[in-house]
Structures are given as C-alpha cells and as structure tokens.
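Listing of run_0.cif; format and content: mmCIF, N, CA and C atoms.
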data_data
loop_
_atom_site.label_atom_id
_atom_site.label_comp_id
_atom_site.auth_asym_id
_atom_site.auth_seq_id
_atom_site.Cartn_x
_atom_site.Cartn_y
_atom_site.Cartn_z
N MET A 1 125.72 -130.19 182.33
CA MET A 1 125.65 -128.92 183.03
C MET A 1 124.35 -128.90 183.84
N GLU A 2 124.49 -128.81 185.16
CA GLU A 2 123.35 -128.79 186.07
C GLU A 2 123.05 -127.36 186.51
N VAL A 3 122.18 -126.69 185.77
CA VAL A 3 121.81 -125.31 186.09
C VAL A 3 120.40 -125.31 186.64
N THR A 4 120.23 -124.68 187.79
CA THR A 4 118.93 -124.56 188.43
C THR A 4 118.50 -123.10 188.36
N PHE A 5 117.27 -122.87 187.92
CA PHE A 5 116.73 -121.51 187.87
C PHE A 5 115.81 -121.31 189.06
N LYS A 6 115.91 -120.14 189.69
CA LYS A 6 115.09 -119.82 190.85
C LYS A 6 114.99 -118.32 191.02
N LYS A 7 114.04 -117.92 191.87
CA LYS A 7 113.93 -116.52 192.25
C LYS A 7 115.09 -116.22 193.20
N ALA A 8 115.76 -115.10 192.98
CA ALA A 8 116.93 -114.75 193.78
C ALA A 8 116.52 -114.39 195.21
N SER A 9 117.42 -114.66 196.13
CA SER A 9 117.27 -114.26 197.52
C SER A 9 118.40 -113.28 197.84
N ILE A 10 118.35 -112.70 199.01
CA ILE A 10 119.39 -111.73 199.40
C ILE A 10 120.78 -112.37 199.34
N GLU A 11 120.87 -113.67 199.62
CA GLU A 11 122.15 -114.36 199.57
C GLU A 11 122.72 -114.45 198.15
N ASP A 12 121.86 -114.30 197.15
CA ASP A 12 122.28 -114.40 195.74
C ASP A 12 122.69 -113.06 195.14
N VAL A 13 122.45 -111.98 195.85
CA VAL A 13 122.65 -110.65 195.27
C VAL A 13 124.11 -110.41 194.89
N GLU A 14 125.03 -110.87 195.68
CA GLU A 14 126.45 -110.64 195.35
C GLU A 14 126.80 -111.28 194.01
N GLY A 15 126.39 -112.52 193.79
CA GLY A 15 126.67 -113.19 192.52
C GLY A 15 125.93 -112.55 191.36
N LEU A 16 124.70 -112.12 191.61
CA LEU A 16 123.88 -111.47 190.59
C LEU A 16 124.54 -110.16 190.14
N VAL A 17 124.95 -109.35 191.10
CA VAL A 17 125.59 -108.07 190.78
C VAL A 17 126.93 -108.30 190.07
N GLY A 18 127.68 -109.28 190.54
CA GLY A 18 128.95 -109.60 189.88
C GLY A 18 128.75 -109.98 188.43
N LEU A 19 127.73 -110.79 188.17
CA LEU A 19 127.44 -111.21 186.79
C LEU A 19 127.06 -110.02 185.93
N CYS A 20 126.15 -109.19 186.42
CA CYS A 20 125.72 -108.03 185.62
C CYS A 20 126.84 -107.01 185.46
N ASN A 21 127.67 -106.85 186.49
CA ASN A 21 128.83 -105.96 186.35
C ASN A 21 129.75 -106.47 185.25
N GLU A 22 129.90 -107.78 185.16
CA GLU A 22 130.76 -108.38 184.13
C GLU A 22 130.13 -108.29 182.74
N CYS A 23 128.88 -108.67 182.63
CA CYS A 23 128.22 -108.75 181.31
C CYS A 23 127.89 -107.38 180.72
N PHE A 24 127.57 -106.42 181.57
CA PHE A 24 127.12 -105.13 181.08
C PHE A 24 128.07 -103.99 181.43
N GLU A 25 129.24 -104.34 181.93
CA GLU A 25 130.23 -103.33 182.34
C GLU A 25 129.61 -102.32 183.29
N GLU A 26 128.80 -102.85 184.19
CA GLU A 26 128.18 -102.02 185.23
C GLU A 26 129.21 -101.77 186.32
N ASN A 27 128.87 -100.91 187.23
CA ASN A 27 129.75 -100.64 188.36
C ASN A 27 128.90 -100.48 189.62
N THR A 28 127.98 -101.42 189.82
CA THR A 28 127.05 -101.35 190.95
C THR A 28 127.73 -101.92 192.19
N SER A 29 127.62 -101.19 193.28
CA SER A 29 128.20 -101.68 194.54
C SER A 29 127.27 -102.70 195.17
N LEU A 30 127.85 -103.63 195.90
CA LEU A 30 127.08 -104.66 196.58
C LEU A 30 126.16 -104.04 197.63
N GLU A 31 126.64 -103.04 198.33
CA GLU A 31 125.84 -102.37 199.35
C GLU A 31 124.57 -101.76 198.75
N TYR A 32 124.73 -101.04 197.65
CA TYR A 32 123.59 -100.43 196.97
C TYR A 32 122.59 -101.50 196.52
N ALA A 33 123.10 -102.56 195.89
CA ALA A 33 122.23 -103.61 195.36
C ALA A 33 121.46 -104.32 196.48
N LYS A 34 122.14 -104.64 197.56
CA LYS A 34 121.46 -105.32 198.67
C LYS A 34 120.40 -104.43 199.31
N ASP A 35 120.70 -103.15 199.45
CA ASP A 35 119.73 -102.23 200.03
C ASP A 35 118.47 -102.17 199.18
N LEU A 36 118.61 -102.01 197.87
CA LEU A 36 117.45 -101.95 196.98
C LEU A 36 116.72 -103.29 196.92
N PHE A 37 117.47 -104.38 196.90
CA PHE A 37 116.86 -105.70 196.86
C PHE A 37 115.96 -105.90 198.08
N LYS A 38 116.44 -105.52 199.24
CA LYS A 38 115.66 -105.67 200.48
C LYS A 38 114.36 -104.86 200.41
N LYS A 39 114.41 -103.70 199.76
CA LYS A 39 113.22 -102.85 199.65
C LYS A 39 112.17 -103.42 198.70
N THR A 40 112.59 -104.25 197.75
CA THR A 40 111.66 -104.75 196.73
C THR A 40 111.42 -106.25 196.79
N GLU A 41 112.11 -106.98 197.66
CA GLU A 41 112.03 -108.45 197.60
C GLU A 41 110.64 -109.01 197.89
N SER A 42 109.80 -108.30 198.62
CA SER A 42 108.46 -108.82 198.89
C SER A 42 107.42 -108.33 197.87
N ASP A 43 107.85 -107.55 196.90
CA ASP A 43 106.96 -107.06 195.85
C ASP A 43 106.82 -108.12 194.76
N PRO A 44 105.63 -108.69 194.58
CA PRO A 44 105.47 -109.76 193.59
C PRO A 44 105.62 -109.28 192.14
N ASN A 45 105.69 -107.97 191.94
CA ASN A 45 105.85 -107.42 190.59
C ASN A 45 107.32 -107.18 190.23
N ASN A 46 108.23 -107.50 191.13
CA ASN A 46 109.68 -107.38 190.89
C ASN A 46 110.31 -108.72 191.17
N ILE A 47 110.73 -109.40 190.12
CA ILE A 47 111.27 -110.74 190.25
C ILE A 47 112.66 -110.78 189.64
N TYR A 48 113.63 -111.17 190.46
CA TYR A 48 115.00 -111.39 189.99
C TYR A 48 115.15 -112.89 189.80
N LEU A 49 115.23 -113.32 188.55
CA LEU A 49 115.37 -114.74 188.23
C LEU A 49 116.84 -115.02 187.94
N ILE A 50 117.37 -116.08 188.57
CA ILE A 50 118.78 -116.41 188.36
C ILE A 50 118.94 -117.88 188.00
N GLY A 51 120.04 -118.17 187.32
CA GLY A 51 120.47 -119.53 187.05
C GLY A 51 121.72 -119.79 187.88
N ILE A 52 121.72 -120.93 188.58
CA ILE A 52 122.83 -121.28 189.48
C ILE A 52 123.48 -122.58 189.02
N GLU A 53 124.79 -122.61 188.99
CA GLU A 53 125.52 -123.86 188.80
C GLU A 53 126.65 -123.90 189.82
N ASN A 54 126.74 -124.99 190.53
CA ASN A 54 127.77 -125.15 191.56
C ASN A 54 127.83 -123.96 192.51
N GLY A 55 126.67 -123.44 192.88
CA GLY A 55 126.60 -122.34 193.84
C GLY A 55 126.91 -120.97 193.27
N LYS A 56 127.16 -120.87 191.98
CA LYS A 56 127.49 -119.59 191.35
C LYS A 56 126.36 -119.13 190.45
N VAL A 57 126.09 -117.81 190.48
CA VAL A 57 125.09 -117.22 189.59
C VAL A 57 125.71 -117.10 188.20
N ILE A 58 125.10 -117.78 187.23
CA ILE A 58 125.65 -117.76 185.87
C ILE A 58 124.66 -117.19 184.85
N ALA A 59 123.42 -116.93 185.30
CA ALA A 59 122.41 -116.35 184.39
C ALA A 59 121.47 -115.49 185.23
N HIS A 60 120.88 -114.50 184.58
CA HIS A 60 119.99 -113.60 185.31
C HIS A 60 119.09 -112.82 184.36
N THR A 61 117.90 -112.51 184.85
CA THR A 61 117.07 -111.47 184.27
C THR A 61 116.17 -110.90 185.35
N LYS A 62 115.82 -109.67 185.20
CA LYS A 62 114.90 -108.99 186.11
C LYS A 62 113.56 -108.88 185.39
N ILE A 63 112.49 -109.36 186.03
CA ILE A 63 111.13 -109.28 185.48
C ILE A 63 110.37 -108.24 186.28
N THR A 64 109.82 -107.26 185.60
CA THR A 64 108.96 -106.27 186.24
C THR A 64 107.58 -106.39 185.62
N ILE A 65 106.61 -106.69 186.47
CA ILE A 65 105.22 -106.82 186.02
C ILE A 65 104.55 -105.45 186.14
N ILE A 66 103.96 -104.99 185.04
CA ILE A 66 103.27 -103.70 185.00
C ILE A 66 101.79 -103.97 184.78
N ARG A 67 100.98 -103.57 185.73
CA ARG A 67 99.53 -103.75 185.61
C ARG A 67 98.91 -102.39 185.26
N THR A 68 98.12 -102.37 184.19
CA THR A 68 97.49 -101.12 183.78
C THR A 68 95.97 -101.30 183.78
N ILE A 69 95.27 -100.19 183.72
CA ILE A 69 93.80 -100.23 183.65
C ILE A 69 93.32 -100.22 182.21
N PHE A 70 94.23 -100.29 181.25
CA PHE A 70 93.87 -100.17 179.84
C PHE A 70 93.84 -101.53 179.16
N GLU A 71 92.72 -101.84 178.51
CA GLU A 71 92.52 -103.17 177.95
C GLU A 71 93.55 -103.55 176.90
N ASP A 72 93.87 -102.66 175.97
CA ASP A 72 94.83 -103.02 174.93
C ASP A 72 96.22 -103.29 175.50
N MET A 73 96.62 -102.49 176.44
CA MET A 73 97.94 -102.65 177.04
C MET A 73 97.91 -103.76 178.09
N ASN A 74 96.83 -103.78 178.88
CA ASN A 74 96.60 -104.80 179.89
C ASN A 74 97.78 -104.91 180.85
N THR A 75 98.06 -106.11 181.30
CA THR A 75 99.22 -106.37 182.16
C THR A 75 100.34 -106.88 181.27
N TYR A 76 101.53 -106.36 181.46
CA TYR A 76 102.67 -106.80 180.66
C TYR A 76 103.91 -106.87 181.55
N ALA A 77 104.95 -107.50 181.03
CA ALA A 77 106.21 -107.61 181.75
C ALA A 77 107.32 -106.94 180.95
N ILE A 78 108.25 -106.36 181.67
CA ILE A 78 109.46 -105.81 181.07
C ILE A 78 110.64 -106.59 181.64
N LEU A 79 111.52 -107.04 180.76
CA LEU A 79 112.74 -107.73 181.18
C LEU A 79 113.91 -106.78 181.04
N ASN A 80 114.81 -106.84 182.00
CA ASN A 80 116.08 -106.15 181.82
C ASN A 80 117.19 -106.98 182.43
N HIS A 81 118.40 -106.68 182.02
CA HIS A 81 119.59 -107.42 182.42
C HIS A 81 119.46 -108.91 182.14
N VAL A 82 119.04 -109.23 180.93
CA VAL A 82 119.01 -110.63 180.49
C VAL A 82 120.44 -111.00 180.15
N CYS A 83 121.02 -111.92 180.92
CA CYS A 83 122.42 -112.25 180.65
C CYS A 83 122.78 -113.66 181.11
N VAL A 84 123.80 -114.19 180.44
CA VAL A 84 124.40 -115.47 180.79
C VAL A 84 125.91 -115.23 180.82
N LYS A 85 126.56 -115.77 181.83
CA LYS A 85 128.01 -115.63 181.96
C LYS A 85 128.67 -116.08 180.65
N PRO A 86 129.62 -115.30 180.13
CA PRO A 86 130.17 -115.58 178.80
C PRO A 86 130.58 -117.03 178.54
N GLU A 87 131.24 -117.65 179.48
CA GLU A 87 131.71 -119.03 179.24
C GLU A 87 130.59 -120.08 179.27
N TYR A 88 129.37 -119.67 179.61
CA TYR A 88 128.22 -120.57 179.63
C TYR A 88 127.26 -120.33 178.47
N ARG A 89 127.60 -119.41 177.61
CA ARG A 89 126.73 -119.11 176.47
C ARG A 89 126.79 -120.25 175.45
N ARG A 90 125.80 -120.28 174.58
CA ARG A 90 125.67 -121.28 173.51
C ARG A 90 125.31 -122.66 174.05
N HIS A 91 124.66 -122.69 175.24
CA HIS A 91 124.17 -123.94 175.82
C HIS A 91 122.66 -123.87 176.09
N ASN A 92 121.97 -122.96 175.41
CA ASN A 92 120.52 -122.78 175.53
C ASN A 92 120.05 -122.32 176.91
N LEU A 93 120.94 -121.77 177.71
CA LEU A 93 120.55 -121.30 179.03
C LEU A 93 119.63 -120.09 178.95
N ALA A 94 119.90 -119.18 178.03
CA ALA A 94 119.02 -118.01 177.88
C ALA A 94 117.63 -118.46 177.45
N THR A 95 117.56 -119.43 176.56
CA THR A 95 116.26 -119.95 176.12
C THR A 95 115.53 -120.61 177.28
N ARG A 96 116.23 -121.42 178.06
CA ARG A 96 115.61 -122.04 179.23
C ARG A 96 115.09 -120.99 180.20
N MET A 97 115.89 -119.95 180.39
CA MET A 97 115.48 -118.87 181.30
C MET A 97 114.25 -118.15 180.75
N LEU A 98 114.22 -117.88 179.46
CA LEU A 98 113.07 -117.21 178.85
C LEU A 98 111.82 -118.07 178.92
N GLU A 99 111.96 -119.39 178.85
CA GLU A 99 110.81 -120.28 179.02
C GLU A 99 110.22 -120.14 180.42
N ILE A 100 111.08 -120.03 181.41
CA ILE A 100 110.62 -119.84 182.79
C ILE A 100 109.98 -118.47 182.94
N VAL A 101 110.59 -117.45 182.34
CA VAL A 101 110.01 -116.11 182.35
C VAL A 101 108.60 -116.15 181.76
N GLU A 102 108.45 -116.82 180.65
CA GLU A 102 107.14 -116.88 180.00
C GLU A 102 106.11 -117.55 180.91
N LYS A 103 106.48 -118.62 181.60
CA LYS A 103 105.55 -119.28 182.53
C LYS A 103 105.16 -118.33 183.67
N ILE A 104 106.13 -117.62 184.20
CA ILE A 104 105.85 -116.64 185.26
C ILE A 104 104.88 -115.59 184.74
N CYS A 105 105.12 -115.11 183.53
CA CYS A 105 104.27 -114.06 182.95
C CYS A 105 102.86 -114.58 182.67
N ILE A 106 102.74 -115.82 182.26
CA ILE A 106 101.41 -116.41 182.06
C ILE A 106 100.69 -116.48 183.40
N ASP A 107 101.39 -116.92 184.44
CA ASP A 107 100.79 -117.00 185.78
C ASP A 107 100.37 -115.62 186.30
N GLN A 108 101.06 -114.57 185.84
CA GLN A 108 100.74 -113.20 186.26
C GLN A 108 99.74 -112.52 185.32
N ASP A 109 99.18 -113.28 184.38
CA ASP A 109 98.20 -112.78 183.41
C ASP A 109 98.74 -111.68 182.51
N CYS A 110 100.01 -111.77 182.18
CA CYS A 110 100.60 -110.77 181.27
C CYS A 110 100.14 -111.04 179.84
N LYS A 111 99.91 -109.95 179.13
CA LYS A 111 99.51 -110.03 177.73
C LYS A 111 100.75 -110.11 176.83
N THR A 112 101.81 -109.41 177.23
CA THR A 112 103.04 -109.38 176.45
C THR A 112 104.26 -109.33 177.37
N ILE A 113 105.40 -109.66 176.79
CA ILE A 113 106.70 -109.50 177.45
C ILE A 113 107.51 -108.56 176.56
N LYS A 114 108.06 -107.54 177.17
CA LYS A 114 108.86 -106.57 176.43
C LYS A 114 110.27 -106.57 177.00
N LEU A 115 111.23 -106.24 176.16
CA LEU A 115 112.58 -106.05 176.67
C LEU A 115 113.30 -105.02 175.82
N TRP A 116 114.27 -104.40 176.44
CA TRP A 116 115.12 -103.44 175.75
C TRP A 116 116.51 -104.04 175.72
N SER A 117 117.17 -103.96 174.59
CA SER A 117 118.51 -104.51 174.47
C SER A 117 119.37 -103.55 173.66
N ASN A 118 120.57 -103.34 174.13
CA ASN A 118 121.51 -102.45 173.46
C ASN A 118 121.80 -102.95 172.05
N ASN A 119 121.97 -102.04 171.12
CA ASN A 119 122.20 -102.39 169.71
C ASN A 119 123.40 -103.29 169.49
N ILE A 120 124.40 -103.22 170.34
CA ILE A 120 125.62 -104.01 170.12
C ILE A 120 125.47 -105.48 170.53
N ARG A 121 124.37 -105.85 171.15
CA ARG A 121 124.18 -107.22 171.65
C ARG A 121 123.55 -108.11 170.57
N VAL A 122 124.17 -108.18 169.42
CA VAL A 122 123.62 -108.89 168.26
C VAL A 122 123.35 -110.37 168.55
N PRO A 123 124.26 -111.11 169.19
CA PRO A 123 123.94 -112.52 169.50
C PRO A 123 122.71 -112.66 170.40
N ALA A 124 122.55 -111.75 171.35
CA ALA A 124 121.37 -111.79 172.21
C ALA A 124 120.11 -111.54 171.39
N HIS A 125 120.18 -110.64 170.43
CA HIS A 125 119.02 -110.34 169.59
C HIS A 125 118.59 -111.58 168.80
N LYS A 126 119.57 -112.36 168.33
CA LYS A 126 119.24 -113.60 167.61
C LYS A 126 118.48 -114.55 168.52
N CYS A 127 118.92 -114.65 169.76
CA CYS A 127 118.25 -115.51 170.75
C CYS A 127 116.81 -115.04 170.97
N TYR A 128 116.63 -113.73 171.15
CA TYR A 128 115.29 -113.19 171.40
C TYR A 128 114.37 -113.47 170.22
N LYS A 129 114.88 -113.24 169.01
CA LYS A 129 114.06 -113.47 167.81
C LYS A 129 113.71 -114.95 167.67
N LYS A 130 114.67 -115.81 167.93
CA LYS A 130 114.43 -117.25 167.86
C LYS A 130 113.35 -117.66 168.87
N PHE A 131 113.32 -117.00 170.01
CA PHE A 131 112.33 -117.31 171.05
C PHE A 131 110.95 -116.74 170.70
N GLY A 132 110.88 -115.84 169.73
CA GLY A 132 109.59 -115.29 169.31
C GLY A 132 109.40 -113.81 169.55
N PHE A 133 110.42 -113.14 170.09
CA PHE A 133 110.32 -111.69 170.25
C PHE A 133 110.41 -111.04 168.88
N ILE A 134 109.71 -109.94 168.72
CA ILE A 134 109.70 -109.19 167.46
C ILE A 134 110.24 -107.80 167.75
N LEU A 135 111.16 -107.35 166.91
CA LEU A 135 111.69 -105.99 167.04
C LEU A 135 110.63 -105.02 166.57
N LYS A 136 110.17 -104.18 167.46
CA LYS A 136 109.14 -103.19 167.14
C LYS A 136 109.81 -101.87 166.76
N GLU A 137 109.15 -101.13 165.94
CA GLU A 137 109.64 -99.81 165.57
C GLU A 137 109.30 -98.84 166.69
N ALA A 138 110.26 -98.58 167.52
CA ALA A 138 110.04 -97.66 168.63
C ALA A 138 111.39 -97.10 169.07
N GLY A 139 111.35 -95.97 169.67
CA GLY A 139 112.56 -95.39 170.23
C GLY A 139 112.55 -95.56 171.74
N PHE A 140 113.69 -95.67 172.31
CA PHE A 140 113.81 -95.77 173.76
C PHE A 140 114.24 -94.39 174.24
N PHE A 141 113.34 -93.67 174.85
CA PHE A 141 113.62 -92.33 175.32
C PHE A 141 114.06 -92.37 176.77
N GLU A 142 114.93 -91.45 177.13
CA GLU A 142 115.41 -91.38 178.50
C GLU A 142 115.64 -89.93 178.87
N LYS A 143 115.32 -89.59 180.09
CA LYS A 143 115.58 -88.26 180.60
C LYS A 143 116.17 -88.40 181.99
N GLU A 144 117.31 -87.83 182.20
CA GLU A 144 117.92 -87.82 183.52
C GLU A 144 117.19 -86.86 184.41
N ILE A 145 116.98 -87.26 185.65
CA ILE A 145 116.34 -86.40 186.64
C ILE A 145 117.43 -85.90 187.56
N ARG A 146 117.57 -84.62 187.60
CA ARG A 146 118.60 -84.01 188.45
C ARG A 146 117.97 -83.45 189.70
N LYS A 147 118.59 -83.77 190.80
CA LYS A 147 118.08 -83.29 192.10
C LYS A 147 118.79 -82.05 192.55
#

Would you mind writing the structure in this file as structure tokens?
Amino acid sequence: MEVTFKKASIEDVEGLVGLCNECFEENTSLEYAKDLFKKTESDPNNIYLIGIENGKVIAHTKITIIRTIFEDMNTYAILNHVCVKPEYRRHNLATRMLEIVEKICIDQDCKTIKLWSNNIRVPAHKCYKKFGFILKEAGFFEKEIRK
C-alpha cells in the first residue's frame, strides 16, 4: 500500500470532504468547504493533513495550532476529524498520520496535542491510547450561537 501524507491543497478538498462525510456522517457541501479552505489555506495554524493512495484521499486530520501567552498551557495543537477510510483501517495509517502530526507539532513548538473523539469511536480510542494519548477527566461543553 503506497500512501503518501501531505498538506491538503484546494484540489484535495473534494476528496477530503467526501471522506469526512463518509466517516462522520457529515453533510458538508463542497462549495462551503472550498470557500472556507480558501480563507484559511495560508494560515500556518490551520493544517489539513491528508493521506493519498492512487489519487484518492483515504486519511485525514485537521491540525489547529493554538498559541497562548500562558506558560503552563503554552502552545498546543487540537486535532479534529481524525479518520481513515473504512476499507483502509487496520494498516497503521492512523498511527503513521499521528507520527507526522507529532513532527509538525514539534516544529511548531507545541507543548501538547489534544483531540476530541465521540464516545462511540472505541477502535479509534484504542489507537489514540496506543500512540500515547491519555483520556483526561474533562467535559466537552458546547453552546450554539444563534444569529
């Protein structure tokens, strides 16, 4: 299996959105995704990392670098939409992708990498724990903003 990992470009957005729509039962339109991608593609703190095989996006994660003025918190990264196309799972692709994420985060002087994962993604949790992530006692709070 020849999988290449790289930073996504606008040409990759269709495959990226298709993968996330499949893996997370999202319903994101290509137009919306391309518009937002164009607005953030030059921001070094927003990195869309993808795995490609035979021209198809088969793995993805979004890295957001957060820089703070607080020493304990320092600079950290948040990952979201960590996914591998179902038929490509169990081939260490997520681990390979996380290794690349870690190198990127080291280069960005991140102190920690954080991620949020839905409770039903038990196999993904095993991968994260095997890679060294620790489940912290915290709640994920959310508030909808209505306009």

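Closest approach to Ile66 of chain A from the set A:Lys7, A:Arg121, A:Lys111, A:Lys130 is made by A:Lys111, with distances taken over only C-alpha atoms.
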
Open item on the list: Using only C-alpha atoms, can you tell me which of A:Leu30, A:Val122, A:Ile65, A:Cys83 comes closest to Ile106 of chain A?
Closed with: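 Of the candidates, the smallest distance to Ile106 of chain A is held by A:Ile65.
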
Got a sec to resolve the PyMOL selection byres ((chain A and resi 47) around 6.5) on this structure and send the residues as a PDB file with N, CA and C atoms, in the frame of the given file?
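To be explicit, this is the file written out as expr18.pdb:
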ATOM      1  N   LYS A   7     114.040-117.920 191.870  1.00  0.00           N
ATOM      2  CA  LYS A   7     113.930-116.520 192.250  1.00  0.00           C
ATOM      3  C   LYS A   7     115.090-116.220 193.200  1.00  0.00           C
ATOM      4  N   ALA A   8     115.760-115.100 192.980  1.00  0.00           N
ATOM      5  CA  ALA A   8     116.930-114.750 193.780  1.00  0.00           C
ATOM      6  C   ALA A   8     116.520-114.390 195.210  1.00  0.00           C
ATOM      7  N   ASP A  43     107.850-107.550 196.900  1.00  0.00           N
ATOM      8  CA  ASP A  43     106.960-107.060 195.850  1.00  0.00           C
ATOM      9  C   ASP A  43     106.820-108.120 194.760  1.00  0.00           C
ATOM     10  N   PRO A  44     105.630-108.690 194.580  1.00  0.00           N
ATOM     11  CA  PRO A  44     105.470-109.760 193.590  1.00  0.00           C
ATOM     12  C   PRO A  44     105.620-109.280 192.140  1.00  0.00           C
ATOM     13  N   ASN A  45     105.690-107.970 191.940  1.00  0.00           N
ATOM     14  CA  ASN A  45     105.850-107.420 190.590  1.00  0.00           C
ATOM     15  C   ASN A  45     107.320-107.180 190.230  1.00  0.00           C
ATOM     16  N   ASN A  46     108.230-107.500 191.130  1.00  0.00           N
ATOM     17  CA  ASN A  46     109.680-107.380 190.890  1.00  0.00           C
ATOM     18  C   ASN A  46     110.310-108.720 191.170  1.00  0.00           C
ATOM     19  N   TYR A  48     113.630-111.170 190.460  1.00  0.00           N
ATOM     20  CA  TYR A  48     115.000-111.390 189.990  1.00  0.00           C
ATOM     21  C   TYR A  48     115.150-112.890 189.800  1.00  0.00           C
ATOM     22  N   LEU A  49     115.230-113.320 188.550  1.00  0.00           N
ATOM     23  CA  LEU A  49     115.370-114.740 188.230  1.00  0.00           C
ATOM     24  C   LEU A  49     116.840-115.020 187.940  1.00  0.00           C
ATOM     25  N   THR A  61     117.900-112.510 184.850  1.00  0.00           N
ATOM     26  CA  THR A  61     117.070-111.470 184.270  1.00  0.00           C
ATOM     27  C   THR A  61     116.170-110.900 185.350  1.00  0.00           C
ATOM     28  N   LYS A  62     115.820-109.670 185.200  1.00  0.00           N
ATOM     29  CA  LYS A  62     114.900-108.990 186.110  1.00  0.00           C
ATOM     30  C   LYS A  62     113.560-108.880 185.390  1.00  0.00           C
ATOM     31  N   ILE A  63     112.490-109.360 186.030  1.00  0.00           N
ATOM     32  CA  ILE A  63     111.130-109.280 185.480  1.00  0.00           C
ATOM     33  C   ILE A  63     110.370-108.240 186.280  1.00  0.00           C
ATOM     34  N   THR A  64     109.820-107.260 185.600  1.00  0.00           N
ATOM     35  CA  THR A  64     108.960-106.270 186.240  1.00  0.00           C
ATOM     36  C   THR A  64     107.580-106.390 185.620  1.00  0.00           C
ATOM     37  N   ILE A  65     106.610-106.690 186.470  1.00  0.00           N
ATOM     38  CA  ILE A  65     105.220-106.820 186.020  1.00  0.00           C
ATOM     39  C   ILE A  65     104.550-105.450 186.140  1.00  0.00           C
TER      40      ILE A  65
END

- [ ] Determine, counting only C-alpha atoms, every residue of protein, DNA or RNA that lies within 12 Å of (110.4, -119.4, 171.2) in the file coordinates, then give the result as number ranges by chain.
- [x] A: 92, 94-102, 126-134

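Comparing A:His125, A:Lys147, A:His60, A:Lys39 by their smallest distance to Asp12 of chain A, the closest is A:His60 (using only C-alpha atoms).
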
Task: Between atom N of Ile69 of chain A and atom C of Ile104 of chain A, distance in Å (one decimal) - done: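 Spanning atom N of Ile69 of chain A to atom C of Ile104 of chain A is a straight-line distance of 18.2 Å.
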
TODO: For atom N of Leu79 of chain A and atom N of Arg67 of chain A, determine how far apart the two atoms are, in Å to one decimal place.
DONE: 12.2 Å

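The two atoms in question, atom CA of Glu53 of chain A and atom CA of Ile78 of chain A, are spaced 25.4 Å apart.
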
Open item on the list: Using only N, CA and C atoms, can you tell me which of A:Glu137, A:Lys34, A:Ile58, A:Ile50 comes closest to Tyr88 of chain A?
Closed with: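 The closest residue to Tyr88 of chain A is A:Ile58.
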
Task: Counting all atoms listed in the file, the option among A:His91, A:Arg146, A:His81, A:Lys103 closest to Ser117 of chain A - done: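 When distances to Ser117 of chain A are compared using all atoms listed in the file, the smallest one comes from A:His81.
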
Task: Shell around Ile52 of chain A at 6 Å using all atoms listed in the file, local window under 4 positions removed, as a ChimeraX atom specification - done: /A:2-6,56-59

Open item on the list: Calculated over only N, CA and C atoms, which of the candidates A:Asp72, A:Glu22, A:Glu144, A:Asp109 has the smallest distance to Lys85 of chain A?
Closed with: A:Glu22
